[in-house]
file final19.txt (compact mmCIF, C-alpha atoms)
# COMPACT_ATOMS: atom_id res chain seq x y z
CA MET L 1 -5.94 46.31 -11.54
CA SER L 2 -3.92 43.85 -13.54
CA LEU L 3 -4.91 42.92 -17.06
CA ARG L 4 -3.27 39.51 -16.68
CA THR L 5 -5.78 36.69 -16.42
CA PRO L 6 -5.72 34.31 -13.45
CA LEU L 7 -4.65 31.54 -15.84
CA ARG L 8 -1.69 33.59 -17.08
CA ARG L 9 -0.59 34.19 -13.49
CA VAL L 10 -0.39 30.48 -12.62
CA LEU L 11 0.94 29.12 -15.91
CA ASN L 12 4.58 28.09 -15.74
CA HIS L 13 4.67 28.53 -11.97
CA GLY L 14 5.05 25.09 -10.50
CA PRO L 15 2.82 22.26 -11.65
CA ALA L 16 0.01 24.48 -12.99
CA HIS L 17 0.44 23.39 -16.59
CA ASP L 18 0.14 19.62 -16.61
CA GLY L 19 -2.00 18.49 -13.69
CA VAL L 20 -4.87 17.50 -15.98
CA GLY L 21 -2.48 15.54 -18.17
CA HIS L 22 -1.33 13.49 -15.18
CA TRP L 23 -4.92 12.85 -14.10
CA TRP L 24 -5.97 11.95 -17.63
CA VAL L 25 -3.11 9.53 -18.34
CA GLU L 26 -3.75 7.82 -15.00
CA ARG L 27 -7.34 7.15 -16.17
CA VAL L 28 -6.40 6.11 -19.70
CA THR L 29 -3.83 3.61 -18.40
CA ALA L 30 -6.41 2.35 -15.86
CA LEU L 31 -8.98 1.83 -18.62
CA ALA L 32 -6.48 -0.12 -20.73
CA LEU L 33 -5.17 -2.10 -17.77
CA ALA L 34 -8.61 -3.25 -16.62
CA PRO L 35 -9.08 -5.85 -19.41
CA LEU L 36 -5.34 -6.59 -19.69
CA ALA L 37 -4.84 -7.25 -15.97
CA MET L 38 -7.96 -9.43 -15.87
CA TRP L 39 -6.75 -11.37 -18.92
CA PHE L 40 -3.27 -11.87 -17.43
CA ALA L 41 -4.44 -12.93 -13.94
CA ILE L 42 -7.10 -15.34 -15.24
CA SER L 43 -4.77 -16.81 -17.87
CA VAL L 44 -1.92 -17.48 -15.43
CA VAL L 45 -4.08 -19.06 -12.72
CA ALA L 46 -5.96 -21.10 -15.36
CA LEU L 47 -2.83 -22.66 -16.91
CA PRO L 48 -3.13 -26.45 -16.47
CA THR L 49 0.44 -26.55 -15.12
CA ARG L 50 2.94 -23.81 -14.42
CA ASP L 51 6.16 -25.63 -15.28
CA TYR L 52 8.76 -23.98 -17.52
CA ALA L 53 7.51 -25.48 -20.80
CA ALA L 54 3.86 -24.63 -20.22
CA VAL L 55 4.53 -21.06 -19.06
CA THR L 56 6.96 -20.12 -21.83
CA ALA L 57 4.71 -21.73 -24.47
CA TRP L 58 1.79 -19.64 -23.21
CA ILE L 59 3.82 -16.41 -23.12
CA GLY L 60 5.14 -16.97 -26.64
CA SER L 61 1.97 -18.03 -28.42
CA GLY L 62 -0.05 -15.86 -30.79
CA LEU L 63 -0.80 -12.35 -29.61
CA HIS L 64 0.22 -13.07 -26.02
CA PRO L 65 3.65 -11.39 -26.26
CA VAL L 66 2.04 -8.19 -27.59
CA LEU L 67 -0.65 -8.11 -24.90
CA LEU L 68 1.85 -9.04 -22.19
CA GLY L 69 4.29 -6.34 -23.32
CA LEU L 70 1.46 -3.80 -23.25
CA THR L 71 0.40 -4.97 -19.79
CA VAL L 72 3.93 -4.57 -18.45
CA VAL L 73 4.43 -1.07 -19.89
CA LEU L 74 0.99 0.19 -18.82
CA ALA L 75 1.31 -1.30 -15.31
CA ALA L 76 4.66 0.44 -14.83
CA TRP L 77 3.27 3.70 -16.20
CA HIS L 78 0.09 3.57 -14.06
CA GLY L 79 2.08 2.54 -10.98
CA TRP L 80 4.52 5.39 -11.55
CA LEU L 81 1.71 7.96 -11.75
CA GLY L 82 -0.08 6.48 -8.74
CA LEU L 83 3.04 6.38 -6.56
CA GLN L 84 3.76 9.98 -7.52
CA VAL L 85 0.38 11.13 -6.19
CA VAL L 86 0.82 9.17 -2.95
CA ILE L 87 4.36 10.48 -2.40
CA GLU L 88 3.31 14.07 -3.11
CA ASP L 89 0.37 13.77 -0.69
CA TYR L 90 2.20 12.26 2.27
CA VAL L 91 5.89 13.13 2.04
CA PRO L 92 6.77 16.70 3.05
CA ARG L 93 8.32 18.98 0.46
CA ASN L 94 11.98 18.20 1.14
CA GLY L 95 14.88 16.21 -0.24
CA GLN L 96 13.28 12.95 0.81
CA ARG L 97 10.28 13.58 -1.44
CA LEU L 98 12.48 14.23 -4.46
CA LEU L 99 14.51 11.13 -3.67
CA LEU L 100 11.37 8.94 -3.48
CA LEU L 101 9.97 10.39 -6.71
CA LEU L 102 13.23 9.73 -8.53
CA LEU L 103 13.45 6.23 -7.06
CA SER L 104 9.90 5.44 -8.21
CA THR L 105 10.69 6.77 -11.68
CA PHE L 106 13.85 4.71 -12.09
CA VAL L 107 12.42 1.53 -10.57
CA ASN L 108 9.30 1.65 -12.75
CA ALA L 109 11.37 2.33 -15.88
CA LEU L 110 13.64 -0.59 -15.00
CA LEU L 111 10.64 -2.88 -14.39
CA ALA L 112 9.04 -1.93 -17.72
CA ALA L 113 12.26 -2.46 -19.67
CA SER L 114 13.04 -5.77 -17.92
CA GLY L 115 9.52 -7.07 -18.44
CA VAL L 116 9.43 -6.21 -22.14
CA TRP L 117 12.88 -7.73 -22.67
CA ALA L 118 11.85 -10.92 -20.85
CA VAL L 119 8.68 -11.28 -22.93
CA LEU L 120 10.64 -10.65 -26.14
CA ARG L 121 13.29 -13.23 -25.28
CA ILE L 122 10.68 -15.88 -24.49
CA ALA L 123 8.56 -15.07 -27.54
CA LEU L 124 11.48 -15.07 -29.99
CA ARG L 125 12.80 -18.35 -28.57
CA THR L 126 9.37 -19.98 -28.83
CA ALA L 127 8.86 -18.67 -32.38
CA ALA L 128 12.27 -19.89 -33.59
CA MET S 1 8.31 28.40 -2.64
CA THR S 2 5.29 29.10 -0.43
CA GLU S 3 4.40 26.34 2.01
CA ARG S 4 0.82 25.67 1.01
CA PRO S 5 -1.19 23.23 3.15
CA LEU S 6 -1.12 19.67 1.86
CA SER S 7 -4.24 17.73 0.96
CA PRO S 8 -5.89 15.48 2.06
CA HIS S 9 -7.19 16.84 5.38
CA VAL S 10 -8.81 13.53 6.26
CA THR S 11 -8.79 13.92 10.03
CA VAL S 12 -11.45 16.67 10.13
CA TYR S 13 -14.25 14.37 8.92
CA ARG S 14 -16.44 11.94 10.82
CA TRP S 15 -15.53 8.41 9.79
CA ALA S 16 -17.63 6.62 7.16
CA TYR S 17 -16.78 3.21 5.69
CA THR S 18 -16.45 4.68 2.22
CA MET S 19 -13.35 6.46 3.57
CA THR S 20 -11.80 3.11 4.44
CA LEU S 21 -12.36 1.95 0.86
CA SER S 22 -10.75 5.15 -0.35
CA ILE S 23 -7.53 4.67 1.60
CA LEU S 24 -7.52 0.96 0.73
CA HIS S 25 -7.37 1.96 -2.93
CA ARG S 26 -4.01 3.60 -2.25
CA VAL S 27 -2.82 0.80 0.02
CA SER S 28 -3.71 -1.83 -2.60
CA GLY S 29 -2.11 0.29 -5.32
CA ILE S 30 1.16 0.42 -3.40
CA ALA S 31 0.91 -3.33 -2.72
CA LEU S 32 0.42 -3.94 -6.44
CA VAL S 33 3.71 -2.19 -7.20
CA GLY S 34 5.29 -4.87 -4.99
CA ALA S 35 3.31 -7.57 -6.80
CA PHE S 36 4.47 -6.09 -10.12
CA ILE S 37 8.11 -6.40 -9.00
CA VAL S 38 7.51 -10.09 -8.19
CA THR S 39 5.78 -10.61 -11.55
CA ILE S 40 8.72 -9.09 -13.43
CA TYR S 41 11.08 -11.31 -11.41
CA TRP S 42 8.98 -14.32 -12.48
CA LEU S 43 8.97 -13.25 -16.17
CA THR S 44 12.70 -12.51 -16.11
CA SER S 45 13.41 -15.93 -14.59
CA ALA S 46 11.34 -17.62 -17.31
CA ALA S 47 13.33 -15.68 -19.91
CA ALA S 48 16.64 -16.72 -18.32
CA GLY S 49 15.98 -20.45 -18.85
CA SER S 50 14.59 -23.54 -17.16
CA ALA S 51 17.13 -23.66 -14.29
CA ALA S 52 16.53 -20.02 -13.29
CA TYR S 53 12.79 -20.56 -13.62
CA ALA S 54 12.91 -23.64 -11.38
CA SER S 55 14.72 -21.78 -8.61
CA ALA S 56 12.33 -18.83 -8.90
CA MET S 57 9.37 -21.21 -8.62
CA ALA S 58 10.93 -22.86 -5.57
CA LEU S 59 11.17 -19.44 -3.93
CA LEU S 60 7.63 -18.43 -4.99
CA GLY S 61 6.23 -21.79 -3.89
CA SER S 62 7.28 -21.47 -0.24
CA ALA S 63 4.58 -20.95 2.37
CA PRO S 64 5.41 -17.27 3.13
CA SER S 65 5.50 -16.52 -0.61
CA LYS S 66 2.12 -18.15 -1.10
CA LEU S 67 0.66 -15.95 1.63
CA VAL S 68 2.12 -12.83 -0.04
CA ILE S 69 0.82 -13.93 -3.46
CA ALA S 70 -2.66 -14.56 -2.01
CA LEU S 71 -2.64 -11.06 -0.47
CA ALA S 72 -1.46 -9.63 -3.79
CA LEU S 73 -4.40 -11.29 -5.59
CA ILE S 74 -6.81 -9.75 -3.06
CA ALA S 75 -5.14 -6.36 -3.67
CA LEU S 76 -5.47 -6.88 -7.44
CA CYS S 77 -9.18 -7.74 -7.23
CA TYR S 78 -9.85 -4.81 -4.90
CA HIS S 79 -7.91 -2.24 -6.93
CA PHE S 80 -9.60 -3.53 -10.11
CA CYS S 81 -13.17 -3.31 -8.70
CA ASN S 82 -12.68 -0.04 -6.85
CA GLY S 83 -10.82 1.36 -9.86
CA LEU S 84 -13.90 0.72 -12.02
CA ARG S 85 -15.92 2.52 -9.32
CA HIS S 86 -13.55 5.48 -9.60
CA LEU S 87 -13.81 5.49 -13.40
CA ALA S 88 -17.61 5.53 -13.10
CA TRP S 89 -17.35 8.56 -10.80
CA ASP S 90 -14.98 10.23 -13.28
CA VAL S 91 -17.68 10.12 -15.96
CA GLY S 92 -20.30 11.33 -13.48
CA PHE S 93 -22.10 8.16 -12.32
CA GLY S 94 -22.86 7.08 -8.77
CA PHE S 95 -21.85 10.21 -6.88
CA GLU S 96 -24.90 10.33 -4.58
CA ARG S 97 -24.15 9.26 -1.02
CA ALA S 98 -26.52 6.26 -1.11
CA GLN S 99 -25.10 5.14 -4.47
CA ALA S 100 -21.50 5.46 -3.27
CA ARG S 101 -22.29 3.40 -0.17
CA ARG S 102 -24.07 0.73 -2.21
CA SER S 103 -21.23 0.51 -4.73
CA ALA S 104 -18.78 0.21 -1.81
CA VAL S 105 -20.59 -2.92 -0.63
CA VAL S 106 -20.63 -4.31 -4.18
CA VAL S 107 -16.88 -3.70 -4.49
CA VAL S 108 -16.11 -5.55 -1.24
CA VAL S 109 -18.33 -8.53 -2.11
CA VAL S 110 -17.07 -8.89 -5.70
CA THR S 111 -13.46 -8.48 -4.53
CA LEU S 112 -13.78 -11.31 -2.01
CA LEU S 113 -15.55 -13.64 -4.46
CA ALA S 114 -13.07 -12.98 -7.27
CA ALA S 115 -10.09 -13.31 -4.93
CA VAL S 116 -11.31 -16.65 -3.59
CA VAL S 117 -11.69 -18.01 -7.14
CA LEU S 118 -8.26 -16.74 -8.26
CA ILE S 119 -6.48 -18.00 -5.12
CA TYR S 120 -8.15 -21.39 -5.42
CA ALA S 121 -7.23 -21.67 -9.11
CA LEU S 122 -3.62 -20.65 -8.45
CA PHE S 123 -3.01 -23.04 -5.58
CA ARG S 124 -5.10 -25.99 -6.75
CA ALA S 125 -3.35 -29.36 -6.68
CA GLY S 126 -1.29 -30.39 -9.68
CA ALA S 127 -0.74 -26.94 -11.17
CA GLY S 128 2.86 -26.68 -9.99
CA ALA S 129 4.34 -24.56 -7.24
CA ALA S 130 3.03 -21.01 -6.79
call {"tool": "encode", "arguments": {"input": "final19.txt", "output": "structure tokens"}}
result
Amino acid sequence: MSLRTPLRRVLNHGPAHDGVGHWWVERVTALALAPLAMWFAISVVALPTRDYAAVTAWIGSGLHPVLLGLTVVLAAWHGWLGLQVVIEDYVPRNGQRLLLLLLSTFVNALLAASGVWAVLRIALRTAA
Amino acid sequence: MTERPLSPHVTVYRWAYTMTLSILHRVSGIALVGAFIVTIYWLTSAAAGSAAYASAMALLGSAPSKLVIALALIALCYHFCNGLRHLAWDVGFGFERAQARRSAVVVVVVTLLAAVVLIYALFRAGAGAA
């Protein structure tokens, strides 16, 4: 009989150490995104016009750049975690799975960085 | 590495409509990644200046784009409503079969109502393309 606990036997073997962290962050980002996504969708469709001046003025005004930056980062984060679960469930354990996981990681990072940079550019131009 | 069986083993169960909502949560989630890409394209075009923004809006204002955007709004409303349902389950509410079936109906109804309002507001006359 081994004196090692079941927990000790699985720790550091594969994904046994951070599954709850993944699950938890997916929920936390969902909770934060719920009001942010609703705010963003309603605000954009409710703009009186969506020409260049109206849209950039809205993006740049008040707290909007902060909220929009948060929305972009959290959407990319939540989407990254969600895609990971879907890929791991449906793509067999082979090179293709790794490729898709890496692709999702890089694309979501690129989207987050591009979105934040776009919001910053618009906001700083409007503020100047 | 041992080849453990993969979840989910969905094919062994008798179909119930709550299962359709479950898979639609994933489908809408994947669709929203596509919608997110389009949104970032839109934001980036606005950041690049009025000429870039005008050409982006011309592209987003075409009939096929409008259809895709309408579908994306439905996906957003669905993933939002069903996501709240999932969060309620995560804290222990609504797990009974009757409750889960009732909340499924609520999710579908609220999704359709919210999507109709958002799509109407987006495409109403005078608001500019897309």
call {"tool": "interface_residues", "arguments": {"input": "final19.txt", "of": "chain L", "to": "chain S", "cutoff": "6 Å", "atoms": "all atoms listed in the file", "output": "list in words"}}
result
Val45, Pro48, Thr49, Arg50, Tyr52, Gly115, Ala118, Arg121 and Ile122 of chain L
call {"tool": "write_last_selection", "arguments": {"input": "final19.txt", "atoms": "C-alpha atoms", "output": "PDB file, in the frame of the given file"}}
result
ATOM      1  CA  VAL L  45      -4.080 -19.060 -12.720  1.00  0.00           C
ATOM      2  CA  PRO L  48      -3.130 -26.450 -16.470  1.00  0.00           C
ATOM      3  CA  THR L  49       0.440 -26.550 -15.120  1.00  0.00           C
ATOM      4  CA  ARG L  50       2.940 -23.810 -14.420  1.00  0.00           C
ATOM      5  CA  TYR L  52       8.760 -23.980 -17.520  1.00  0.00           C
ATOM      6  CA  GLY L 115       9.520  -7.070 -18.440  1.00  0.00           C
ATOM      7  CA  ALA L 118      11.850 -10.920 -20.850  1.00  0.00           C
ATOM      8  CA  ARG L 121      13.290 -13.230 -25.280  1.00  0.00           C
ATOM      9  CA  ILE L 122      10.680 -15.880 -24.490  1.00  0.00           C
TER      10      ILE L 122
END
call {"tool": "atom_distance", "arguments": {"input": "final19.txt", "atom1": "atom CA of Lys66 of chain S", "atom2": "atom CA of Val110 of chain S"}}
result
21.8 Å
call {"tool": "atom_distance", "arguments": {"input": "final19.txt", "atom1": "atom CA of Pro35 of chain L", "atom2": "atom CA of Ala100 of chain S"}}
result
23.3 Å
call {"tool": "atom_distance", "arguments": {"input": "final19.txt", "atom1": "atom CA of Ala53 of chain L", "atom2": "atom CA of Val116 of chain S"}}
result
27.0 Å
call {"tool": "residues_around", "arguments": {"input": "final19.txt", "residues": "Thr20 of chain S", "least_positions_apart": "2", "cutoff": "12 Å", "atoms": "only C-alpha atoms", "output": "list in words"}}
result
Val10, Arg14, Trp15, Ala16, Tyr17, Thr18, Ser22, Ile23, Leu24, His25, Arg26, Val27, Ser28, Asn82, Arg101, Ala104, Val105 and Val108 of chain S
call {"tool": "residues_around", "arguments": {"input": "final19.txt", "residues": "Trp77 of chain L", "least_positions_apart": "4", "cutoff": "8 Å", "atoms": "only C-alpha atoms", "output": "PyMOL selection string"}}
result
chain L and resi 29+73+81+108
call {"tool": "write_last_selection", "arguments": {"input": "final19.txt", "atoms": "C-alpha atoms", "output": "mmCIF file, in the coordinates of the input"}}
result
data_model
loop_
_atom_site.group_PDB
_atom_site.id
_atom_site.type_symbol
_atom_site.label_atom_id
_atom_site.label_comp_id
_atom_site.auth_asym_id
_atom_site.auth_seq_id
_atom_site.Cartn_x
_atom_site.Cartn_y
_atom_site.Cartn_z
ATOM 1 C CA THR L 29 -3.830 3.610 -18.400
ATOM 2 C CA VAL L 73 4.430 -1.070 -19.890
ATOM 3 C CA LEU L 81 1.710 7.960 -11.750
ATOM 4 C CA ASN L 108 9.300 1.650 -12.750
#
